[in-house]
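Colleague: Quick one: the structure is below, questions incoming.
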Amino acid sequence: MEKSNKYLLAGAILAAAGVSLMTYTASRYTSFRSMVARTLRLEDIAALEITRLSSVPGEQKDIVVTEPEAIKRIYDDFSGVRLMKSARNVSTGNKHSYYITIVQADRKQRFDIILKGDQHMIIYDNDMNNPHLAAYKIINPFQPLALHQAFE
């Protein structure tokens with residue numbers, strides 16, 4: 001093999017490795033917007049069924065948010081969240097976790113979201129053609145104030 005062919009082969013191998021690494025890295029990172037908001041518009045949400053789970057027995061509380069302004073505030077809190085894939089069984093040590101079901105105007109329950117503290121989120125997409133569940137670590141500062149205020 002000639003020297004120039006060796007360099008071409010080495011270059012092709014390095015390029016393929018680089019593309020593979022970029023693809024792998026890109027598949028690990030996503031956002032709430034690309035997972036939920038690209039599929040479900042705010043106008044399509046009829047209600048948020050929210051359960052606040054507690055590490056203290058007897059402190060579980062369920063609410064249903066139907067006011068469009070309250071839904072928008074909660075949705076806006078989540079829309080900027082950036083995510084990185086992680087393990088599903090993560091213990092956060094926080095007192096509260098939230099189980100949120102997004103109910104569409106046609107009464108379908110499209111997404112279920114489990115917020116474990118302010119650091120981890122599990123998103124279950126109830127798509128009839130391709131249902132899937134994925135767990136994520138929240139990688140940017142996130143304070144779901146509207147969600148907390150809904151329970152006050």
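Letters for chains follow the order of the structure tokens (A, B, ...), residue numbers begin at 1 for each chain, and ligand numbers begin at 1 in the order shown.
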Taking the DSSP secondary structure from the backbone, can you list the residues of stretch 80-150 of chain A that are alpha helix (DSSP H), as a ChimeraX atom specification?

Modeller: /A:145-149

Colleague: Mind pulling up the distance from atom CA of A:Arg41 to atom CA of A:Ser79?

Modeller: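 Atom-to-atom, atom CA of A:Ser79 and atom CA of A:Arg41 are spaced 11.3 Å apart.
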
Colleague: Name the closest residue to A:Asp76 among the candidates A:Ile139, A:Thr101, A:Thr39, A:Ala146; distances are taken between atoms, counting only C-alpha atoms.

Modeller: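 Ranked by minimum distance to A:Asp76, first place goes to A:Ala146.
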
Colleague: From the options A:Leu53, A:Ala70, A:Ile45, A:Arg82, which residue's atoms come nearest to A:Arg33, counting only C-alpha atoms?

Modeller: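 Among A:Leu53, A:Ala70, A:Ile45, A:Arg82, it is A:Arg82 that comes nearest to A:Arg33.
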
Colleague: Check the DSSP output for the backbone and give back, as an MDAnalysis selection string, the residues of stretch 21-113 of chain A in strand (DSSP E or B).

Modeller: chainID A and resid 29:31 45:54 61:65 82:85 96:104 109:113

Colleague: If we count only C-alpha atoms, what is near A:Asp44 at a cut-off of 10 Å, once residues fewer than 4 positions away on the same chain are taken out, given as a ChimeraX atom specification?

Modeller: /A:40,102-107

Colleague: Rank A:Gln149, A:Asp127, A:Ser55, A:Met84 by their smallest atom-to-atom distance to A:Thr30, using only C-alpha atoms, and report the top residue only.

Modeller: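 The shortest atom-to-atom distance to A:Thr30 comes from A:Met84.
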
Colleague: As a list in words, please: the residues near A:Tyr75 (cut-off 10 Å, only C-alpha atoms, same-chain neighbours under 6 positions excluded).

Modeller: Phe32, Arg33, Ala37, Leu42, Ile45, Leu48, Glu69, Pro144, Ala146 and Leu147 of chain A

Colleague: Could you give me, as a PyMOL selection string, the residues within 10 Å of A:Val64, counting only C-alpha atoms and dropping anything in the same chain fewer than 4 positions from it?

Modeller: chain A and resi 47-51+100-101+150

Colleague: Find the distance between atom CA of A:Ile71 and atom CA of A:Ser31 and write it in Å to one decimal.

Modeller: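 So the two atoms, atom CA of A:Ile71 and atom CA of A:Ser31, lie 18.9 Å apart.
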
Colleague: Given the choices A:Asp77, A:Asp118, A:Asp62, A:Asp112, which gets closest to A:Ser97 if the distance is worked out from only C-alpha atoms?

Modeller: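 Result for the nearest residue to A:Ser97: A:Asp118.
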
Colleague: Let me make sure I understand: among A:Lys72, A:His148, A:Arg110, A:Lys85, which one has the smallest atom-to-atom distance to A:Arg52 if we use only C-alpha atoms?

Modeller: A:His148

Colleague: What separation in Å, quoted to one decimal, exists between atom CA of A:Met121 and atom CA of A:Gln60?

Modeller: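 Value for the atom CA of A:Met121-atom CA of A:Gln60 distance: 18.8 Å.
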
Colleague: Calculated over only C-alpha atoms, which of the candidates A:Val65, A:Phe78, A:Ala87, A:Glu152 has the smallest distance to A:Leu133?

Modeller: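 Of A:Val65, A:Phe78, A:Ala87, A:Glu152, the one nearest A:Leu133 is A:Ala87, counting only C-alpha atoms.
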